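Shown next: data20.cif, given as mmCIF, C-alpha atoms.
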```cif
data_work
#
loop_
_atom_site.group_PDB
_atom_site.id
_atom_site.type_symbol
_atom_site.label_atom_id
_atom_site.label_comp_id
_atom_site.auth_asym_id
_atom_site.auth_seq_id
_atom_site.Cartn_x
_atom_site.Cartn_y
_atom_site.Cartn_z
ATOM 1 C CA MET A 1 -1.020 2.604 8.728
ATOM 2 C CA THR A 2 -0.237 3.652 5.170
ATOM 3 C CA THR A 3 -3.212 1.710 3.877
ATOM 4 C CA ASP A 4 -5.474 3.300 6.476
ATOM 5 C CA THR A 5 -4.460 6.744 5.318
ATOM 6 C CA GLU A 6 -5.158 5.735 1.738
ATOM 7 C CA THR A 7 -8.612 4.531 2.767
ATOM 8 C CA LEU A 8 -9.328 7.780 4.486
ATOM 9 C CA VAL A 9 -8.498 10.209 1.710
ATOM 10 C CA THR A 10 -11.039 8.998 -0.818
ATOM 11 C CA THR A 11 -14.744 9.471 -1.318
ATOM 12 C CA GLN A 12 -17.009 7.384 0.900
ATOM 13 C CA VAL A 13 -20.296 5.942 -0.353
ATOM 14 C CA TYR A 14 -23.081 4.581 1.835
ATOM 15 C CA ARG A 15 -26.375 3.084 0.690
ATOM 16 C CA VAL A 16 -29.415 1.829 2.537
ATOM 17 C CA TYR A 17 -32.761 0.490 1.291
ATOM 18 C CA ILE A 18 -35.746 1.700 3.281
ATOM 19 C CA LYS A 19 -39.403 0.692 3.098
ATOM 20 C CA ALA A 20 -40.606 4.277 2.781
ATOM 21 C CA THR A 21 -41.467 6.860 0.138
ATOM 22 C CA PRO A 22 -38.798 9.285 -1.123
ATOM 23 C CA GLU A 23 -40.842 12.100 0.485
ATOM 24 C CA ALA A 24 -40.718 10.428 3.916
ATOM 25 C CA ILE A 25 -36.948 9.951 3.627
ATOM 26 C CA TRP A 26 -36.461 13.558 2.461
ATOM 27 C CA ASP A 27 -38.455 14.860 5.423
ATOM 28 C CA ALA A 28 -36.574 12.613 7.847
ATOM 29 C CA ILE A 29 -33.261 14.098 6.683
ATOM 30 C CA THR A 30 -34.227 17.754 6.351
ATOM 31 C CA ASP A 31 -36.857 18.342 9.049
ATOM 32 C CA PRO A 32 -35.379 18.882 12.548
ATOM 33 C CA ALA A 33 -38.494 17.326 14.105
ATOM 34 C CA TRP A 34 -37.461 14.078 12.352
ATOM 35 C CA ASN A 35 -33.696 14.261 12.132
ATOM 36 C CA ARG A 36 -33.238 14.741 15.868
ATOM 37 C CA ARG A 37 -34.731 11.260 16.286
ATOM 38 C CA PHE A 38 -31.984 9.206 14.590
ATOM 39 C CA GLY A 39 -28.217 8.982 14.425
ATOM 40 C CA TYR A 40 -26.081 11.056 16.755
ATOM 41 C CA PRO A 41 -27.721 13.373 19.296
ATOM 42 C CA GLY A 42 -28.705 16.774 17.963
ATOM 43 C CA THR A 43 -30.647 18.343 15.123
ATOM 44 C CA MET A 44 -29.770 19.282 11.563
ATOM 45 C CA GLU A 45 -31.158 22.608 10.351
ATOM 46 C CA TYR A 46 -31.336 23.375 6.640
ATOM 47 C CA ASP A 47 -32.250 26.479 4.687
ATOM 48 C CA LEU A 48 -33.241 24.478 1.611
ATOM 49 C CA ARG A 49 -32.144 26.742 -1.257
ATOM 50 C CA PRO A 50 -28.805 27.100 -3.059
ATOM 51 C CA GLY A 51 -26.520 29.133 -0.799
ATOM 52 C CA GLY A 52 -28.769 28.456 2.213
ATOM 53 C CA SER A 53 -27.149 27.617 5.517
ATOM 54 C CA PHE A 54 -26.764 24.203 7.125
ATOM 55 C CA ARG A 55 -25.919 23.561 10.751
ATOM 56 C CA ALA A 56 -25.974 20.630 13.153
ATOM 57 C CA ILE A 57 -26.869 21.697 16.681
ATOM 58 C CA ALA A 58 -25.832 19.774 19.790
ATOM 59 C CA PRO A 59 -28.524 18.970 22.349
ATOM 60 C CA PRO A 60 -28.248 20.852 25.690
ATOM 61 C CA GLU A 61 -26.832 17.825 27.547
ATOM 62 C CA MET A 62 -23.930 17.616 25.078
ATOM 63 C CA GLN A 63 -23.313 21.347 25.286
ATOM 64 C CA ALA A 64 -23.090 20.911 29.049
ATOM 65 C CA MET A 65 -20.289 18.378 28.381
ATOM 66 C CA THR A 66 -18.049 20.998 26.699
ATOM 67 C CA MET A 67 -19.337 20.285 23.181
ATOM 68 C CA PRO A 68 -19.897 23.445 21.111
ATOM 69 C CA GLU A 69 -23.451 24.443 20.237
ATOM 70 C CA LYS A 70 -22.729 23.954 16.557
ATOM 71 C CA LEU A 71 -21.328 20.470 15.799
ATOM 72 C CA ALA A 72 -21.115 20.998 12.050
ATOM 73 C CA ASP A 73 -21.903 23.675 9.516
ATOM 74 C CA GLY A 74 -22.062 24.077 5.772
ATOM 75 C CA GLU A 75 -24.046 25.396 2.864
ATOM 76 C CA VAL A 76 -26.821 23.995 0.686
ATOM 77 C CA VAL A 77 -25.560 23.640 -2.897
ATOM 78 C CA GLU A 78 -28.590 22.030 -4.498
ATOM 79 C CA ALA A 79 -32.006 21.075 -3.096
ATOM 80 C CA ASP A 80 -34.289 19.052 -5.352
ATOM 81 C CA PRO A 81 -36.932 17.497 -3.067
ATOM 82 C CA PRO A 82 -37.439 14.587 -2.619
ATOM 83 C CA ARG A 83 -34.575 13.266 -4.755
ATOM 84 C CA ARG A 84 -31.337 15.093 -4.284
ATOM 85 C CA LEU A 85 -29.678 17.284 -1.696
ATOM 86 C CA VAL A 86 -26.129 18.512 -2.197
ATOM 87 C CA GLN A 87 -24.456 20.396 0.624
ATOM 88 C CA THR A 88 -21.076 21.146 2.139
ATOM 89 C CA TRP A 89 -20.138 19.811 5.546
ATOM 90 C CA ARG A 90 -17.527 20.773 8.130
ATOM 91 C CA PHE A 91 -17.178 19.467 11.686
ATOM 92 C CA LEU A 92 -16.720 22.138 14.355
ATOM 93 C CA PHE A 93 -16.072 20.216 17.580
ATOM 94 C CA ASP A 94 -12.301 19.880 17.159
ATOM 95 C CA PRO A 95 -9.750 22.396 15.788
ATOM 96 C CA ASP A 96 -8.141 19.742 13.533
ATOM 97 C CA LEU A 97 -11.524 19.000 11.973
ATOM 98 C CA VAL A 98 -12.278 22.690 11.494
ATOM 99 C CA ALA A 99 -8.890 23.081 9.785
ATOM 100 C CA GLU A 100 -9.797 20.432 7.178
ATOM 101 C CA GLY A 101 -12.608 22.697 6.021
ATOM 102 C CA PHE A 102 -15.768 22.053 4.016
ATOM 103 C CA ARG A 103 -16.355 18.900 1.959
ATOM 104 C CA ARG A 104 -19.190 18.041 -0.404
ATOM 105 C CA LEU A 105 -21.930 15.717 0.845
ATOM 106 C CA THR A 106 -24.639 14.382 -1.484
ATOM 107 C CA TRP A 107 -27.893 12.692 -0.447
ATOM 108 C CA GLU A 108 -29.645 10.837 -3.289
ATOM 109 C CA ILE A 109 -33.040 9.191 -2.925
ATOM 110 C CA GLU A 110 -34.410 6.803 -5.555
ATOM 111 C CA GLU A 111 -37.695 4.957 -5.628
ATOM 112 C CA ASP A 112 -37.260 1.205 -6.046
ATOM 113 C CA ASP A 113 -39.914 -1.511 -6.483
ATOM 114 C CA GLY A 114 -42.508 -2.451 -3.900
ATOM 115 C CA GLY A 115 -42.559 0.709 -1.805
ATOM 116 C CA ILE A 116 -38.807 0.539 -1.188
ATOM 117 C CA SER A 117 -36.529 3.523 -1.742
ATOM 118 C CA SER A 118 -32.774 3.701 -1.685
ATOM 119 C CA LEU A 119 -30.803 6.439 0.005
ATOM 120 C CA THR A 120 -27.204 6.923 -1.090
ATOM 121 C CA VAL A 121 -24.879 9.224 0.827
ATOM 122 C CA THR A 122 -21.666 10.239 -0.955
ATOM 123 C CA HIS A 123 -19.130 12.147 1.105
ATOM 124 C CA ASP A 124 -16.207 13.668 -0.790
ATOM 125 C CA LEU A 125 -13.347 13.480 1.717
ATOM 126 C CA GLU A 126 -10.232 14.057 -0.311
ATOM 127 C CA ASN A 127 -7.404 15.412 1.852
ATOM 128 C CA ALA A 128 -9.630 15.388 4.922
ATOM 129 C CA PRO A 129 -8.382 12.272 6.780
ATOM 130 C CA LYS A 130 -9.621 13.322 10.228
ATOM 131 C CA THR A 131 -13.101 14.137 8.979
ATOM 132 C CA ALA A 132 -13.049 10.852 7.037
ATOM 133 C CA ALA A 133 -12.180 8.914 10.200
ATOM 134 C CA GLN A 134 -15.066 10.583 12.024
ATOM 135 C CA VAL A 135 -17.674 9.596 9.437
ATOM 136 C CA ALA A 136 -16.252 6.106 8.750
ATOM 137 C CA SER A 137 -15.189 4.689 12.136
ATOM 138 C CA VAL A 138 -13.015 2.341 10.075
ATOM 139 C CA ALA A 139 -11.576 0.578 13.103
ATOM 140 C CA HIS A 140 -14.897 -1.152 13.541
ATOM 141 C CA ILE A 141 -15.732 -1.799 9.920
ATOM 142 C CA TYR A 142 -16.690 -5.458 10.438
ATOM 143 C CA GLN A 143 -18.949 -4.440 13.253
ATOM 144 C CA GLY A 144 -20.518 -2.122 10.752
ATOM 145 C CA GLY A 145 -18.701 1.000 11.831
ATOM 146 C CA GLY A 146 -20.199 4.088 13.380
ATOM 147 C CA GLY A 147 -20.390 7.268 11.350
ATOM 148 C CA TRP A 148 -22.686 7.309 8.330
ATOM 149 C CA ALA A 149 -23.343 3.551 8.581
ATOM 150 C CA LEU A 150 -24.768 4.036 12.063
ATOM 151 C CA VAL A 151 -26.798 7.069 10.984
ATOM 152 C CA LEU A 152 -28.333 5.303 7.963
ATOM 153 C CA SER A 153 -29.080 2.105 9.879
ATOM 154 C CA ASP A 154 -30.798 4.196 12.534
ATOM 155 C CA LEU A 155 -32.760 6.184 9.927
ATOM 156 C CA LYS A 156 -34.018 2.926 8.378
ATOM 157 C CA SER A 157 -35.028 1.688 11.800
ATOM 158 C CA LEU A 158 -36.899 4.906 12.595
ATOM 159 C CA LEU A 159 -38.829 5.012 9.314
ATOM 160 C CA GLU A 160 -39.700 1.297 9.283
ATOM 161 C CA THR A 161 -40.536 0.760 12.948
ATOM 162 C CA GLY A 162 -41.306 4.241 14.236
ATOM 163 C CA SER A 163 -38.421 4.201 16.700
ATOM 164 C CA PRO A 164 -34.638 4.421 16.290
ATOM 165 C CA MET A 165 -32.228 1.657 17.341
ATOM 166 C CA GLY A 166 -31.524 1.568 21.026
ATOM 167 C CA SER A 167 -34.256 4.061 21.876
ATOM 168 C CA ASP A 168 -35.598 1.597 24.464
ATOM 169 C CA GLN A 169 -32.265 1.750 26.256
ATOM 170 C CA GLY A 170 -32.652 5.290 27.316
ATOM 171 C CA MET B 1 -34.111 -14.148 -0.504
ATOM 172 C CA THR B 2 -34.221 -11.510 2.191
ATOM 173 C CA ASP B 3 -31.649 -8.719 2.391
ATOM 174 C CA ASP B 4 -29.938 -10.517 5.287
ATOM 175 C CA ASP B 5 -29.733 -13.754 3.261
ATOM 176 C CA ARG B 6 -27.976 -11.893 0.462
ATOM 177 C CA VAL B 7 -25.460 -10.375 2.861
ATOM 178 C CA PHE B 8 -24.711 -13.665 4.625
ATOM 179 C CA LYS B 9 -24.406 -15.466 1.271
ATOM 180 C CA ALA B 10 -22.080 -12.775 -0.056
ATOM 181 C CA LEU B 11 -19.883 -12.902 3.056
ATOM 182 C CA ALA B 12 -19.772 -16.727 3.039
ATOM 183 C CA ASP B 13 -17.227 -16.788 0.209
ATOM 184 C CA PRO B 14 -13.490 -16.204 0.870
ATOM 185 C CA THR B 15 -12.885 -14.552 -2.509
ATOM 186 C CA ARG B 16 -15.662 -12.061 -1.882
ATOM 187 C CA ARG B 17 -14.324 -11.308 1.596
ATOM 188 C CA PHE B 18 -10.911 -10.819 -0.015
ATOM 189 C CA LEU B 19 -12.429 -8.318 -2.462
ATOM 190 C CA LEU B 20 -14.082 -6.441 0.421
ATOM 191 C CA ASP B 21 -10.750 -6.390 2.265
ATOM 192 C CA ARG B 22 -9.090 -4.905 -0.811
ATOM 193 C CA LEU B 23 -11.747 -2.184 -0.934
ATOM 194 C CA PHE B 24 -11.298 -1.644 2.788
ATOM 195 C CA GLU B 25 -7.573 -1.067 2.155
ATOM 196 C CA ARG B 26 -8.374 1.390 -0.567
ATOM 197 C CA ASP B 27 -11.896 2.307 -1.588
ATOM 198 C CA GLY B 28 -13.194 3.372 -4.976
ATOM 199 C CA ARG B 29 -11.304 0.910 -7.191
ATOM 200 C CA THR B 30 -11.904 0.003 -10.821
ATOM 201 C CA LEU B 31 -12.557 -3.552 -12.021
ATOM 202 C CA THR B 32 -9.061 -3.621 -13.542
ATOM 203 C CA GLU B 33 -7.495 -2.792 -10.170
ATOM 204 C CA LEU B 34 -9.586 -5.417 -8.389
ATOM 205 C CA GLU B 35 -8.742 -8.220 -10.802
ATOM 206 C CA SER B 36 -5.008 -7.634 -10.419
ATOM 207 C CA GLY B 37 -4.903 -9.863 -7.329
ATOM 208 C CA PRO B 38 -3.509 -13.389 -7.326
ATOM 209 C CA GLU B 39 -5.371 -15.980 -9.422
ATOM 210 C CA MET B 40 -8.226 -13.658 -10.252
ATOM 211 C CA THR B 41 -9.828 -13.730 -13.674
ATOM 212 C CA ARG B 42 -11.837 -10.814 -14.973
ATOM 213 C CA PHE B 43 -14.895 -13.026 -15.268
ATOM 214 C CA GLY B 44 -14.502 -14.380 -11.732
ATOM 215 C CA VAL B 45 -14.105 -10.939 -10.225
ATOM 216 C CA MET B 46 -17.127 -9.619 -12.147
ATOM 217 C CA LYS B 47 -19.237 -12.528 -10.946
ATOM 218 C CA HIS B 48 -18.242 -11.999 -7.324
ATOM 219 C CA LEU B 49 -18.724 -8.232 -7.567
ATOM 220 C CA ARG B 50 -22.251 -8.805 -8.862
ATOM 221 C CA VAL B 51 -23.092 -10.892 -5.760
ATOM 222 C CA LEU B 52 -21.565 -8.192 -3.539
ATOM 223 C CA GLU B 53 -23.559 -5.506 -5.368
ATOM 224 C CA GLU B 54 -26.793 -7.473 -5.018
ATOM 225 C CA ALA B 55 -26.138 -7.616 -1.290
ATOM 226 C CA SER B 56 -25.418 -3.860 -1.426
ATOM 227 C CA LEU B 57 -22.010 -4.493 0.176
ATOM 228 C CA VAL B 58 -20.469 -2.877 -2.876
ATOM 229 C CA VAL B 59 -21.883 0.282 -4.442
ATOM 230 C CA THR B 60 -20.603 1.533 -7.792
ATOM 231 C CA ARG B 61 -20.293 5.125 -8.934
ATOM 232 C CA ARG B 62 -19.334 6.458 -12.332
ATOM 233 C CA SER B 63 -16.399 8.817 -12.458
ATOM 234 C CA GLY B 64 -15.902 9.976 -16.031
ATOM 235 C CA ARG B 65 -15.367 6.790 -18.065
ATOM 236 C CA GLU B 66 -14.540 4.687 -15.046
ATOM 237 C CA LYS B 67 -16.806 2.645 -12.838
ATOM 238 C CA LEU B 68 -15.537 2.797 -9.265
ATOM 239 C CA HIS B 69 -16.390 0.215 -6.602
ATOM 240 C CA PHE B 70 -17.008 1.326 -3.020
ATOM 241 C CA LEU B 71 -17.346 -0.774 0.117
ATOM 242 C CA ASN B 72 -20.730 -0.054 1.701
ATOM 243 C CA PRO B 73 -20.683 -1.042 5.394
ATOM 244 C CA VAL B 74 -24.375 -0.279 6.015
ATOM 245 C CA PRO B 75 -25.679 -3.866 5.480
ATOM 246 C CA ILE B 76 -23.111 -5.144 8.000
ATOM 247 C CA ARG B 77 -24.199 -2.418 10.404
ATOM 248 C CA LEU B 78 -27.840 -3.493 9.942
ATOM 249 C CA ILE B 79 -26.959 -7.101 10.768
ATOM 250 C CA HIS B 80 -24.980 -5.884 13.766
ATOM 251 C CA ASP B 81 -27.915 -3.812 14.992
ATOM 252 C CA ARG B 82 -30.499 -6.502 14.289
ATOM 253 C CA TRP B 83 -28.647 -9.604 15.473
ATOM 254 C CA ILE B 84 -25.610 -8.909 17.600
ATOM 255 C CA ASP B 85 -27.243 -6.203 19.710
ATOM 256 C CA LYS B 86 -30.239 -8.477 20.147
ATOM 257 C CA TYR B 87 -28.177 -11.370 21.526
ATOM 258 C CA ARG B 88 -26.134 -9.084 23.710
ATOM 259 C CA GLU B 89 -29.404 -7.801 25.157
ATOM 260 C CA ARG B 90 -30.544 -11.366 25.830
ATOM 261 C CA GLN B 91 -27.306 -12.163 27.627
ATOM 262 C CA VAL B 92 -27.802 -9.123 29.789
ATOM 263 C CA SER B 93 -31.413 -9.984 30.540
ATOM 264 C CA ALA B 94 -30.429 -13.614 31.292
ATOM 265 C CA LEU B 95 -27.927 -12.367 33.853
ATOM 266 C CA ALA B 96 -30.534 -10.032 35.311
ATOM 267 C CA GLU B 97 -32.963 -12.943 35.656
ATOM 268 C CA LEU B 98 -30.294 -15.091 37.282
ATOM 269 C CA LYS B 99 -29.616 -12.321 39.770
ATOM 270 C CA ASN B 100 -33.325 -12.021 40.550
ATOM 271 C CA GLU B 101 -33.703 -15.768 41.050
ATOM 272 C CA LEU B 102 -30.650 -16.078 43.258
ATOM 273 C CA GLU B 103 -31.676 -13.137 45.352
ATOM 274 C CA GLU B 104 -35.186 -14.503 45.740
ATOM 275 C CA GLU B 105 -33.762 -17.839 46.924
ATOM 276 C CA MET B 106 -31.657 -16.060 49.485
ATOM 277 C CA ALA B 107 -34.566 -13.975 50.737
#
```
Translate the structure of the given file into structure tokens.
Amino acid sequence: MTTDTETLVTTQVYRVYIKATPEAIWDAITDPAWNRRFGYPGTMEYDLRPGGSFRAIAPPEMQAMTMPEKLADGEVVEADPPRRLVQTWRFLFDPDLVAEGFRRLTWEIEEDDGGISSLTVTHDLENAPKTAAQVASVAHIYQGGGGWALVLSDLKSLLETGSPMGSDQG
Amino acid sequence: MTDDDRVFKALADPTRRFLLDRLFERDGRTLTELESGPEMTRFGVMKHLRVLEEASLVVTRRSGREKLHFLNPVPIRLIHDRWIDKYRERQVSALAELKNELEEEMA
């Protein structure tokens, strides 16, 4: 388990290539009308200016299942559309996660060749092992993991096909 | 080569899987740390890391003077979503069809 702990206390980096413009990717991340359609259930709400608030809101059906209304909160550090969004992030649905506090999360979008853009998510998780486990799902790494890997795969699917993974299942 | 081809090619080599396992144990390593394994030359490790980077299984970030290597699980997730989920779905639908056929025969 020592090695697991070591894995968990570092920065995590995730990258996905998406056939979409940087603007489309920026909107998908920051606009609740888009971001409720991929990844975990809920919406992300941003006040896109330095010091502006960030919160992730659970959908009503999750709130009915004892989840808090706010799943995560934080603050916008830097918003440079459509290239770079720096924010802090803290999970709120478990006291241990709340206790680990805010960590820096950076979204970087770069235009590649042929209408492809890359999205890189860098999550600074030093001394936040429980938060790190949440966003990594390391136990299932060779199945791709959940966490950010699931969110980014789903975002790619939504932007390229118009529907997220598994949307036909319910 | 498609993105999937690059990922499958990258994963088809035991040394490259070993490098991914080392990053899984501890992420964000330098080239020097990665080449310290058994029978690894600097050139060999660099060559394998390039293939892993081209497949986007490894993403590098600069930290001061150092270049750190991170394991990026997203391409594996994409293959999981695109292939494994698909076949699981087919298994399920095959069983559903079997059920329908058997029940029709009995009717």
Translate the PyMOL selection byres ((chain A and resi 59) around 9) into a concrete residue list for this structure, as a PyMOL selection string. chain A and resi 41-43+57-58+60-64+69
Store the residues picked out above, limited to C-alpha atoms, as a compact mmCIF listing (two decimals), in the coordinates of the input.
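Writing the result to result_12.txt gives the following:
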```txt
# COMPACT_ATOMS: atom_id res chain seq x y z
CA PRO A 41 -27.72 13.37 19.30
CA GLY A 42 -28.70 16.77 17.96
CA THR A 43 -30.65 18.34 15.12
CA ILE A 57 -26.87 21.70 16.68
CA ALA A 58 -25.83 19.77 19.79
CA PRO A 60 -28.25 20.85 25.69
CA GLU A 61 -26.83 17.82 27.55
CA MET A 62 -23.93 17.62 25.08
CA GLN A 63 -23.31 21.35 25.29
CA ALA A 64 -23.09 20.91 29.05
CA GLU A 69 -23.45 24.44 20.24
```
Neighbours of A:Glu160 within 8 Å (only C-alpha atoms; same-chain residues fewer than 6 positions away dropped), as a ChimeraX atom specification? /A:18-20
Convert the current residue selection to file output with C-alpha atoms, as a compact mmCIF listing (two decimals), in the frame of the given file.
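File produced: result-v6.txt:
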```txt
# COMPACT_ATOMS: atom_id res chain seq x y z
CA ILE A 18 -35.75 1.70 3.28
CA LYS A 19 -39.40 0.69 3.10
CA ALA A 20 -40.61 4.28 2.78
```
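Between atom CA of B:Lys47 and atom CA of B:Val74 lies a distance of 21.5 Å.
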Output the contact residues of chain B with respect to chain A at a cut-off of 9 Å, based on all atoms listed in the file, as a PyMOL selection string. chain B and resi 23-28+56-57+59-61+70-82+85
Which of A:Leu48, A:Ala132, A:Ala33, A:Leu105 sits closest to A:Pro82 [using all atoms listed in the file]: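 Among A:Leu48, A:Ala132, A:Ala33, A:Leu105, it is A:Leu48 that comes nearest to A:Pro82.
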Apply the PyMOL selection byres ((chain A and resi 98) around 12) to the structure shown and report the selected residues as a PyMOL selection string. chain A and resi 70-74+89-97+99-103+128+130-131
Gap from atom CA of A:Thr21 to atom CA of A:Glu45 - Å, one decimal: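 Atom-to-atom, atom CA of A:Thr21 and atom CA of A:Glu45 are spaced 21.4 Å apart.
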Contacts of B:Gly44 at 12 Å or less, counting only C-alpha atoms, minus same-chain residues fewer than 4 places along, as an MDAnalysis selection string? chainID B and resid 15:16 19 31 34:40 48:51
